[in-house]
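One structure is given below, encoded as structure tokens.
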Amino acid sequence: MAKILMKGNEAIGEAAIKAGCRYFFGYPITPQTELPEYMSRRLPEEGGVFLQAESEIAAINMVYGAAGSGVRVMTSSSSPGIALKQEGISYICGAMLPCVIVNIVRGGPGLGGIQPAQSDYYQVTRGGGNGDYRLIVYAPANLQETVDIMQEAFDVSEYYRVPVMLVGDGMIGQMMEPIEFKDRQPNFQDKPWATTGTKGERKPNIVNSLYLDPQELENNNLALDKIYKEIEKNEVRYEAVNVEDADVVVVAYGTTSRIVKSVLEECDKEGLKVGLIRPITLWPYPFEAFDKINPECKGILCTEMSLGQMIDDVRIAANGRWKTHFYGRTGGMVPQPDDIKAEIMKILRGEK
Amino acid sequence: MSIVYKRSEGLTDAITNYCPGCTHGIITKLVAEVMVELGILGDAIGVAPVGCSVMCYNFFNCDMQQAAHGRAPAVATGIKRVQPDKVVFTYQGDGDLASIGTNEIVHAAHRGEKITTIFVNNAIYGMTGGQMAPTTLIGQKTTTSPLGRTEEHSGKPIRISEMLATIDGAKYVARVTVDKPANIAKAKKAIKKAFQTQLEGKGFAIVEVLSACPTNWGLAPNEALQWLRDNMIPYYPLGTFKDWEEE
Amino acid sequence: MAKGIVTFDEKYCKGCGLCVEACKKGIVALDNTRLTQKGYHPATITDPEQCIACANCAVMCPDSAITVEKID
């Protein structure tokens with residue numbers, strides 16, 4: 001296929017359609033509104049259904065109903081809207097329904113701002129909603145990676161019966177880059193559990209997350225845990241650059257990682273040994289990537305557009321082997337290459 | 001010998017968790033009977049609420065989904081929009097529909113979603129032990145209105161049927177009760193009409209059923225039905241508020 | 001002469017008494033001498049000969065515990 005120039009939000013929508021998604025329930029919120037707008041135009045063209053719900057809460061519950069009916073369905077929102085969806089997401093996980101949720105992150109807390117941020121890391125990887133559950137969380141750094149992930153997302157979600165969340169900061173949603181949609185066949189799973197009507201030929205199917213008997217609820221949780229362990233084994237994705245002999249390793253994802261890469265280029269020209277670990281899945285987190293880091297590394301710098309949320313996982317990954325540091329900007333302010341470089345230099349000089 | 005009345009095939013074998021004398025049991029079986037009589041049981045997908053009828057996903061002999069509190073109309077919308085040929089219904093209490101779920105029911109009605117809602121109104125939060133609901137009557141004592149509801153503090157009870165009837169997308173709106181066999185027969189007719197509204201593709205249909213809660217009203221079952229007649233019917237009049245066949 | 005036969009399934013009967021009130025002939029009562037497995041006093045017919053098979057009891061029963069048969 002030829003490369004075309006598309007805006008992130010719209011590219012996500014088109015990739016979903018290519019992946020066989022025909023149903024979208026969503027709500028306007030900056031900076032992702034172009035995605036529901038795009039789907040409202042494209043889905044009827046493909047024989048699908050777009051519905052703007054009365055709220056993000058209603059939208060995620062419509063997704064629950066549709067997912068329970070066995071179709072490929074998605075929703076999208078941005079940070080405060082994702083917060084509203086948390087109960088619905090928890091129900092979807094408890095009922096083991098597949099779906100894709102897109103979060104184009106903006107500044108918070110509360111109404112916050114409309115500029116890009118990475119301050120939803122906790123919300124997307126630490127539950128967000130109630131109970132023991134996980135989402136498979138992807139954080140692409142450019143639009144090609146975004147559409148590639150979207151084209152696979154529904155297959156992954158259906159295979160495990162676990163929701164997939166695609167996290168873009170506001171930049172990913174808004175920027176335009178040349179992309180190419182892969183010519184790939186979606187891999188549909190059979191769904192004998194779906195509520196499609198018994199037709200008098202089978203026992204009723206029940207989509208449910210309620211288990212009042214504690215042993216039954218524990219069993220449901222253990223079944224989920226087994227799946228999560230499978231996902232941790234199979235679905236970790238990351239990029240590791242020059243970590244084996246690095247004096248400093250920077251850990252960053254999404255748009256921030258692109259800024260870090262430009263800093264790394266500069267460092268490389270100066271003969272400085274600086275590496276990068278770029279998680280592509282935020283959950284499951286690429287803990288294994290840290291095992292490749294130079295044992296003599298002077299420090300790990302976690303850089304985020306937040307006041308430090310992924311830093312917790314970086315500390316867990318480092319496991320006391322190296323000192324960990326944080327640098328970030330928040331509120332929609334974007335970290336500047338010079339400032340990141342300055343932090344790296346502090347570590348190299350032993351000032352930190 | 002011929003059978004005059006027996007347990008409906010639209011019900012599973014399950015013993016319900018409804019209290020003795022709770023009229024949820026009558027309403028649940030009416031819905032089951034109607035689905036059998038209309039021949040739609042195999043195409044039906046119901047949405048259970050949060051409340052005393054949360055486990056009705058175990059009582060109806062059809063596919064079911066259990067929804068978050070108040071969100072059943074949104075879940076039903078999702079199911080119906082992706083499976084328009086199926087018969088989709090919600091079964092909700094007043095704590096569910098008339099409180100946390102008012103946004104969802106209004107918008108489902110407003111969009112004219114072709115779903116059928118059975119709204120069981122017993123003027124109280126049953127499952128959680130008898131708290132005040134938006135439908136609780138003035139002067140009614142509950143665990144969160146121990147001195148009796150007052151208009152000054154909490155406003156007057158909400159009349160859902162009258163309110164939804166003002167919405168164009170709502171094509172059949174009726175309020176019935178199940179306090180005696182004659183009214184049960186009328187309630188069944190209304191429930192049947194509400195399903196037919198969906199089958200004919202007309203739009204949103206809701207039947208509000210005034211129901212008794214002996215446990216939390218602190219009355220024996222037959223006394224509770226009398227309390228319903230004396231107190232609920234005067235405030236929540238029975239009748240049809242919207243009927244697409246009469247428009 | 002009985003026109004109908006009424007049976008109560010004690011698996012479902014919760015002894016709520018709605019059938020007692022609903023019976024047109026006043027021949028339904030809760031049996032205070034017995035308990036079901038769940039500890040309820042089950043409904044029973046006191047005078048089967050009077051039954052007219054109106055099925056009010058069965059219509060009223062919230063637990064679908066009652067079967068009414070008409071004697072042709």
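Chain labels follow the order of the structure tokens: the first chain is A, the next B, and so on; residue numbering restarts at 1 in every chain, and ligands are counted from 1 in their shown order.
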Do me a favour and pick out the residues of chain A within 10 Å of chain B, using only C-alpha atoms, as a VMD selection string.
-> chain A and resid 22 to 25 48 to 51 53 to 55 57 to 73 87 to 88 90 to 92 95 193 to 210
Write out, as JSON lines, each residue of chain C that has an atom at most 6 Å from chain B, together with the closest pair of atoms and their distance in Å to one decimal, counting only C-alpha atoms, rows going by chain and rising number.
```
{"residue": "C:Lys14", "atom": "CA", "partner": "B:Pro20", "partner_atom": "CA", "distance": 5.3}
{"residue": "C:Cys16", "atom": "CA", "partner": "B:Gly21", "partner_atom": "CA", "distance": 4.7}
{"residue": "C:Pro62", "atom": "CA", "partner": "B:Gly25", "partner_atom": "CA", "distance": 4.0}
{"residue": "C:Asp63", "atom": "CA", "partner": "B:Gly25", "partner_atom": "CA", "distance": 5.7}
{"residue": "C:Ser64", "atom": "CA", "partner": "B:Arg7", "partner_atom": "CA", "distance": 5.2}
{"residue": "C:Thr67", "atom": "CA", "partner": "B:Lys6", "partner_atom": "CA", "distance": 4.6}
{"residue": "C:Val68", "atom": "CA", "partner": "B:Tyr5", "partner_atom": "CA", "distance": 5.1}
{"residue": "C:Glu69", "atom": "CA", "partner": "B:Ile3", "partner_atom": "CA", "distance": 4.4}
{"residue": "C:Lys70", "atom": "CA", "partner": "B:Ser2", "partner_atom": "CA", "distance": 5.2}
{"residue": "C:Ile71", "atom": "CA", "partner": "B:Met1", "partner_atom": "CA", "distance": 4.7}
{"residue": "C:Asp72", "atom": "CA", "partner": "B:Met1", "partner_atom": "CA", "distance": 5.4}
```
Once DSSP has gone over the backbone, tell me which residues of segment 15-245 of chain B are in alpha helix (DSSP H), as a PyMOL selection string.
-> chain B and resi 24-37+72-82+94-95+102-110+151-154+160-165+181-199+214-217+221-227+233-235
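Every protein or nucleic acid residue with an atom no more than 8 Å from Glu49 of chain C, counting only C-alpha atoms and leaving out same-chain residues fewer than 5 positions away, appears here: Met1, Ala2 and Lys3 of chain C.
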Near Val105 of chain A, within 12 Å and counting only C-alpha atoms, which residues show up once chain neighbours fewer than 6 positions away are dropped, as a ChimeraX atom specification?
-> /A:29-32,76-83,111-121,123-124,139,165-174,254-255,305-306,330-332
Selection: 9 Å around Val20 of chain C, only C-alpha atoms, excl. self and same-chain fewer than 6 positions, as a PyMOL selection string | chain C and resi 26-30+43+57
Exercise: Ala190 of chain B partners within 12 Å, only C-alpha atoms, chain neighbours under 4 positions left out, as a compact mmCIF listing (two decimals) with all heavy atoms, in the first residue's frame:
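out.txt, freshly written:
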```
# COMPACT_ATOMS: atom_id res chain seq x y z
N ILE B 27 -43.46 -9.98 38.51
CA ILE B 27 -43.06 -9.21 37.33
C ILE B 27 -42.07 -10.00 36.47
O ILE B 27 -42.19 -10.05 35.25
CB ILE B 27 -42.47 -7.85 37.76
CG1 ILE B 27 -43.49 -7.08 38.60
CG2 ILE B 27 -42.06 -7.04 36.54
CD1 ILE B 27 -42.90 -5.98 39.45
N LEU B 30 -43.95 -12.58 34.57
CA LEU B 30 -44.75 -12.01 33.48
C LEU B 30 -43.88 -11.76 32.25
O LEU B 30 -44.28 -12.03 31.11
CB LEU B 30 -45.41 -10.69 33.91
CG LEU B 30 -46.55 -10.79 34.91
CD1 LEU B 30 -47.15 -9.40 35.17
CD2 LEU B 30 -47.65 -11.74 34.43
N VAL B 31 -42.68 -11.23 32.46
CA VAL B 31 -41.77 -10.98 31.35
C VAL B 31 -41.42 -12.30 30.67
O VAL B 31 -41.44 -12.43 29.44
CB VAL B 31 -40.48 -10.26 31.83
CG1 VAL B 31 -39.47 -10.14 30.70
CG2 VAL B 31 -40.83 -8.88 32.36
N VAL B 34 -44.46 -13.56 28.69
CA VAL B 34 -44.68 -12.77 27.47
C VAL B 34 -43.69 -13.18 26.39
O VAL B 34 -44.05 -13.33 25.22
CB VAL B 34 -44.58 -11.26 27.79
CG1 VAL B 34 -44.37 -10.44 26.53
CG2 VAL B 34 -45.83 -10.80 28.52
N THR B 116 -36.84 -2.60 25.16
CA THR B 116 -37.99 -2.63 26.06
C THR B 116 -37.48 -2.59 27.49
O THR B 116 -36.64 -3.41 27.85
CB THR B 116 -38.80 -3.92 25.81
OG1 THR B 116 -39.17 -3.97 24.43
CG2 THR B 116 -40.03 -3.96 26.68
N THR B 117 -37.97 -1.63 28.27
CA THR B 117 -37.53 -1.53 29.66
C THR B 117 -38.66 -1.88 30.61
O THR B 117 -39.77 -1.36 30.49
CB THR B 117 -37.02 -0.11 29.96
OG1 THR B 117 -35.78 0.09 29.30
CG2 THR B 117 -36.80 0.11 31.46
N ILE B 118 -38.38 -2.79 31.53
CA ILE B 118 -39.31 -3.13 32.60
C ILE B 118 -38.77 -2.43 33.85
O ILE B 118 -37.66 -2.75 34.30
CB ILE B 118 -39.39 -4.64 32.83
CG1 ILE B 118 -39.63 -5.38 31.51
CG2 ILE B 118 -40.44 -4.98 33.87
CD1 ILE B 118 -40.90 -5.00 30.79
N TYR B 172 -44.06 3.86 23.75
CA TYR B 172 -45.05 3.22 24.62
C TYR B 172 -44.60 3.39 26.05
O TYR B 172 -43.50 2.95 26.41
CB TYR B 172 -45.22 1.74 24.27
CG TYR B 172 -46.26 1.06 25.12
CD1 TYR B 172 -47.63 1.33 24.94
CD2 TYR B 172 -45.91 0.19 26.14
CE1 TYR B 172 -48.59 0.74 25.73
CE2 TYR B 172 -46.87 -0.42 26.94
CZ TYR B 172 -48.21 -0.14 26.73
OH TYR B 172 -49.17 -0.72 27.52
N VAL B 173 -45.41 4.07 26.85
CA VAL B 173 -45.09 4.31 28.25
C VAL B 173 -46.33 4.00 29.06
O VAL B 173 -47.38 4.60 28.84
CB VAL B 173 -44.66 5.77 28.50
CG1 VAL B 173 -44.30 5.98 29.98
CG2 VAL B 173 -43.50 6.18 27.61
N ALA B 174 -46.21 3.05 29.99
CA ALA B 174 -47.38 2.69 30.79
C ALA B 174 -46.95 2.42 32.22
O ALA B 174 -45.82 2.00 32.47
CB ALA B 174 -48.05 1.46 30.20
N ARG B 175 -47.87 2.72 33.13
CA ARG B 175 -47.64 2.37 34.53
C ARG B 175 -48.73 1.40 34.97
O ARG B 175 -49.93 1.67 34.75
CB ARG B 175 -47.62 3.60 35.43
CG ARG B 175 -47.29 3.24 36.89
CD ARG B 175 -47.38 4.41 37.83
NE ARG B 175 -46.27 5.35 37.66
CZ ARG B 175 -46.46 6.63 37.34
NH1 ARG B 175 -47.67 7.11 37.14
NH2 ARG B 175 -45.41 7.43 37.21
N VAL B 176 -48.30 0.30 35.56
CA VAL B 176 -49.22 -0.76 35.98
C VAL B 176 -48.83 -1.21 37.39
O VAL B 176 -47.88 -0.69 37.96
CB VAL B 176 -49.13 -1.97 35.02
CG1 VAL B 176 -49.53 -1.57 33.61
CG2 VAL B 176 -47.73 -2.57 35.03
N THR B 177 -49.60 -2.17 37.93
CA THR B 177 -49.18 -2.77 39.18
C THR B 177 -49.61 -4.23 39.20
O THR B 177 -50.30 -4.69 38.28
CB THR B 177 -49.69 -1.99 40.41
OG1 THR B 177 -49.02 -2.50 41.57
CG2 THR B 177 -51.18 -2.13 40.57
N VAL B 178 -49.17 -4.95 40.22
CA VAL B 178 -49.41 -6.40 40.26
C VAL B 178 -49.97 -6.82 41.62
O VAL B 178 -49.68 -7.90 42.13
CB VAL B 178 -48.09 -7.17 39.96
CG1 VAL B 178 -47.71 -7.02 38.49
CG2 VAL B 178 -46.96 -6.71 40.85
N ASN B 183 -55.12 -6.84 38.10
CA ASN B 183 -54.06 -5.91 37.72
C ASN B 183 -52.86 -6.62 37.11
O ASN B 183 -52.17 -6.07 36.26
CB ASN B 183 -53.63 -5.06 38.92
CG ASN B 183 -54.59 -3.91 39.17
OD1 ASN B 183 -55.31 -3.49 38.26
ND2 ASN B 183 -54.63 -3.40 40.39
N ILE B 184 -52.65 -7.86 37.56
CA ILE B 184 -51.56 -8.65 36.97
C ILE B 184 -51.86 -8.89 35.49
O ILE B 184 -50.98 -8.80 34.63
CB ILE B 184 -51.36 -9.98 37.73
CG1 ILE B 184 -50.82 -9.69 39.14
CG2 ILE B 184 -50.42 -10.91 36.97
CD1 ILE B 184 -50.71 -10.91 40.03
N ALA B 185 -53.11 -9.16 35.18
CA ALA B 185 -53.50 -9.38 33.78
C ALA B 185 -53.24 -8.12 32.96
O ALA B 185 -52.74 -8.17 31.84
CB ALA B 185 -54.96 -9.79 33.70
N LYS B 186 -53.58 -6.94 33.54
CA LYS B 186 -53.34 -5.67 32.82
C LYS B 186 -51.85 -5.43 32.66
O LYS B 186 -51.39 -4.94 31.62
CB LYS B 186 -53.96 -4.50 33.60
CG LYS B 186 -55.46 -4.47 33.54
CD LYS B 186 -56.01 -3.21 34.23
CE LYS B 186 -57.53 -3.25 34.28
NZ LYS B 186 -58.08 -2.42 35.36
N ALA B 194 -45.30 -3.59 25.22
CA ALA B 194 -43.97 -2.98 25.24
C ALA B 194 -42.99 -3.79 24.39
O ALA B 194 -42.15 -3.23 23.67
CB ALA B 194 -43.46 -2.86 26.68
N PHE B 195 -43.10 -5.11 24.43
CA PHE B 195 -42.24 -5.93 23.57
C PHE B 195 -42.67 -5.80 22.12
O PHE B 195 -41.85 -5.75 21.21
CB PHE B 195 -42.26 -7.40 24.00
CG PHE B 195 -41.26 -7.72 25.08
CD1 PHE B 195 -41.65 -7.74 26.42
CD2 PHE B 195 -39.94 -7.97 24.77
CE1 PHE B 195 -40.73 -8.02 27.42
CE2 PHE B 195 -39.00 -8.24 25.77
CZ PHE B 195 -39.40 -8.27 27.09
N GLN B 196 -43.98 -5.72 21.89
CA GLN B 196 -44.46 -5.57 20.51
C GLN B 196 -44.00 -4.26 19.91
O GLN B 196 -43.73 -4.17 18.72
CB GLN B 196 -45.99 -5.68 20.45
CG GLN B 196 -46.45 -7.12 20.41
CD GLN B 196 -47.88 -7.30 20.85
OE1 GLN B 196 -48.44 -6.47 21.56
NE2 GLN B 196 -48.47 -8.41 20.44
N THR B 197 -43.87 -3.23 20.75
CA THR B 197 -43.36 -1.94 20.27
C THR B 197 -41.98 -2.13 19.65
O THR B 197 -41.66 -1.53 18.61
CB THR B 197 -43.28 -0.93 21.44
OG1 THR B 197 -44.55 -0.85 22.07
CG2 THR B 197 -42.85 0.44 20.97
N ALA B 205 -39.80 1.54 24.51
CA ALA B 205 -40.99 1.21 25.29
C ALA B 205 -40.61 0.95 26.73
O ALA B 205 -39.58 0.31 27.00
CB ALA B 205 -41.68 -0.02 24.71
N ILE B 206 -41.42 1.44 27.67
CA ILE B 206 -41.17 1.20 29.09
C ILE B 206 -42.47 0.94 29.81
O ILE B 206 -43.48 1.61 29.56
CB ILE B 206 -40.42 2.40 29.73
CG1 ILE B 206 -40.18 2.13 31.24
CG2 ILE B 206 -41.14 3.72 29.50
CD1 ILE B 206 -39.23 3.11 31.90
N VAL B 207 -42.45 -0.07 30.68
CA VAL B 207 -43.57 -0.33 31.56
C VAL B 207 -43.07 -0.15 32.99
O VAL B 207 -42.14 -0.84 33.41
CB VAL B 207 -44.13 -1.75 31.38
CG1 VAL B 207 -45.30 -1.97 32.34
CG2 VAL B 207 -44.57 -1.97 29.95
N GLU B 208 -43.63 0.82 33.70
CA GLU B 208 -43.29 1.03 35.11
C GLU B 208 -44.27 0.19 35.92
O GLU B 208 -45.49 0.31 35.75
CB GLU B 208 -43.43 2.52 35.47
CG GLU B 208 -43.17 2.81 36.95
CD GLU B 208 -43.27 4.30 37.30
OE1 GLU B 208 -43.29 5.15 36.39
OE2 GLU B 208 -43.33 4.60 38.51
N VAL B 209 -43.75 -0.69 36.76
CA VAL B 209 -44.61 -1.56 37.55
C VAL B 209 -44.45 -1.21 39.02
O VAL B 209 -43.37 -1.36 39.60
CB VAL B 209 -44.24 -3.05 37.35
CG1 VAL B 209 -45.32 -3.92 37.97
CG2 VAL B 209 -44.06 -3.38 35.88
N LEU B 238 -51.96 4.78 37.77
CA LEU B 238 -51.86 3.75 36.75
C LEU B 238 -52.42 4.30 35.45
O LEU B 238 -53.30 5.15 35.44
CB LEU B 238 -52.64 2.50 37.17
CG LEU B 238 -52.30 1.93 38.56
CD1 LEU B 238 -53.17 0.70 38.84
CD2 LEU B 238 -50.84 1.59 38.67
N GLY B 239 -51.90 3.78 34.35
CA GLY B 239 -52.44 4.23 33.07
C GLY B 239 -51.42 4.16 31.96
O GLY B 239 -50.26 3.82 32.18
N THR B 240 -51.86 4.52 30.77
CA THR B 240 -50.96 4.54 29.61
C THR B 240 -50.67 5.99 29.28
O THR B 240 -51.59 6.79 29.08
CB THR B 240 -51.63 3.86 28.39
OG1 THR B 240 -52.06 2.57 28.80
CG2 THR B 240 -50.65 3.73 27.24
N PHE B 241 -49.38 6.34 29.25
CA PHE B 241 -49.00 7.73 29.04
C PHE B 241 -48.58 8.01 27.60
O PHE B 241 -48.49 9.16 27.17
CB PHE B 241 -47.87 8.12 30.00
CG PHE B 241 -48.27 7.98 31.43
CD1 PHE B 241 -48.06 6.80 32.13
CD2 PHE B 241 -48.90 9.03 32.10
CE1 PHE B 241 -48.47 6.66 33.45
CE2 PHE B 241 -49.30 8.91 33.42
CZ PHE B 241 -49.09 7.72 34.09
N LYS B 242 -48.28 6.94 26.89
CA LYS B 242 -47.89 7.10 25.47
C LYS B 242 -48.21 5.79 24.81
O LYS B 242 -47.90 4.72 25.33
CB LYS B 242 -46.38 7.35 25.40
CG LYS B 242 -45.85 7.99 24.12
CD LYS B 242 -46.11 9.45 24.14
CE LYS B 242 -45.25 10.33 23.25
NZ LYS B 242 -43.84 10.13 23.29
N ASP B 243 -48.84 5.85 23.66
CA ASP B 243 -49.15 4.61 22.94
C ASP B 243 -49.08 4.90 21.46
O ASP B 243 -49.91 5.64 20.93
CB ASP B 243 -50.52 4.10 23.35
CG ASP B 243 -50.81 2.71 22.79
OD1 ASP B 243 -50.09 2.26 21.87
OD2 ASP B 243 -51.77 2.07 23.28
```
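The two atoms in question, atom CA of Ala98 of chain B and atom CA of Leu212 of chain A, are spaced 25.1 Å apart.
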Neighbour list for segment 146-163 of chain B as a list of chain:residue names, cut-off 6 Å, only C-alpha atoms, skip fewer than 5 positions in-chain = B:Pro134, B:Thr135, B:Thr136, B:Leu137, B:Ile138, B:Gly139, B:Gln140, B:Lys141
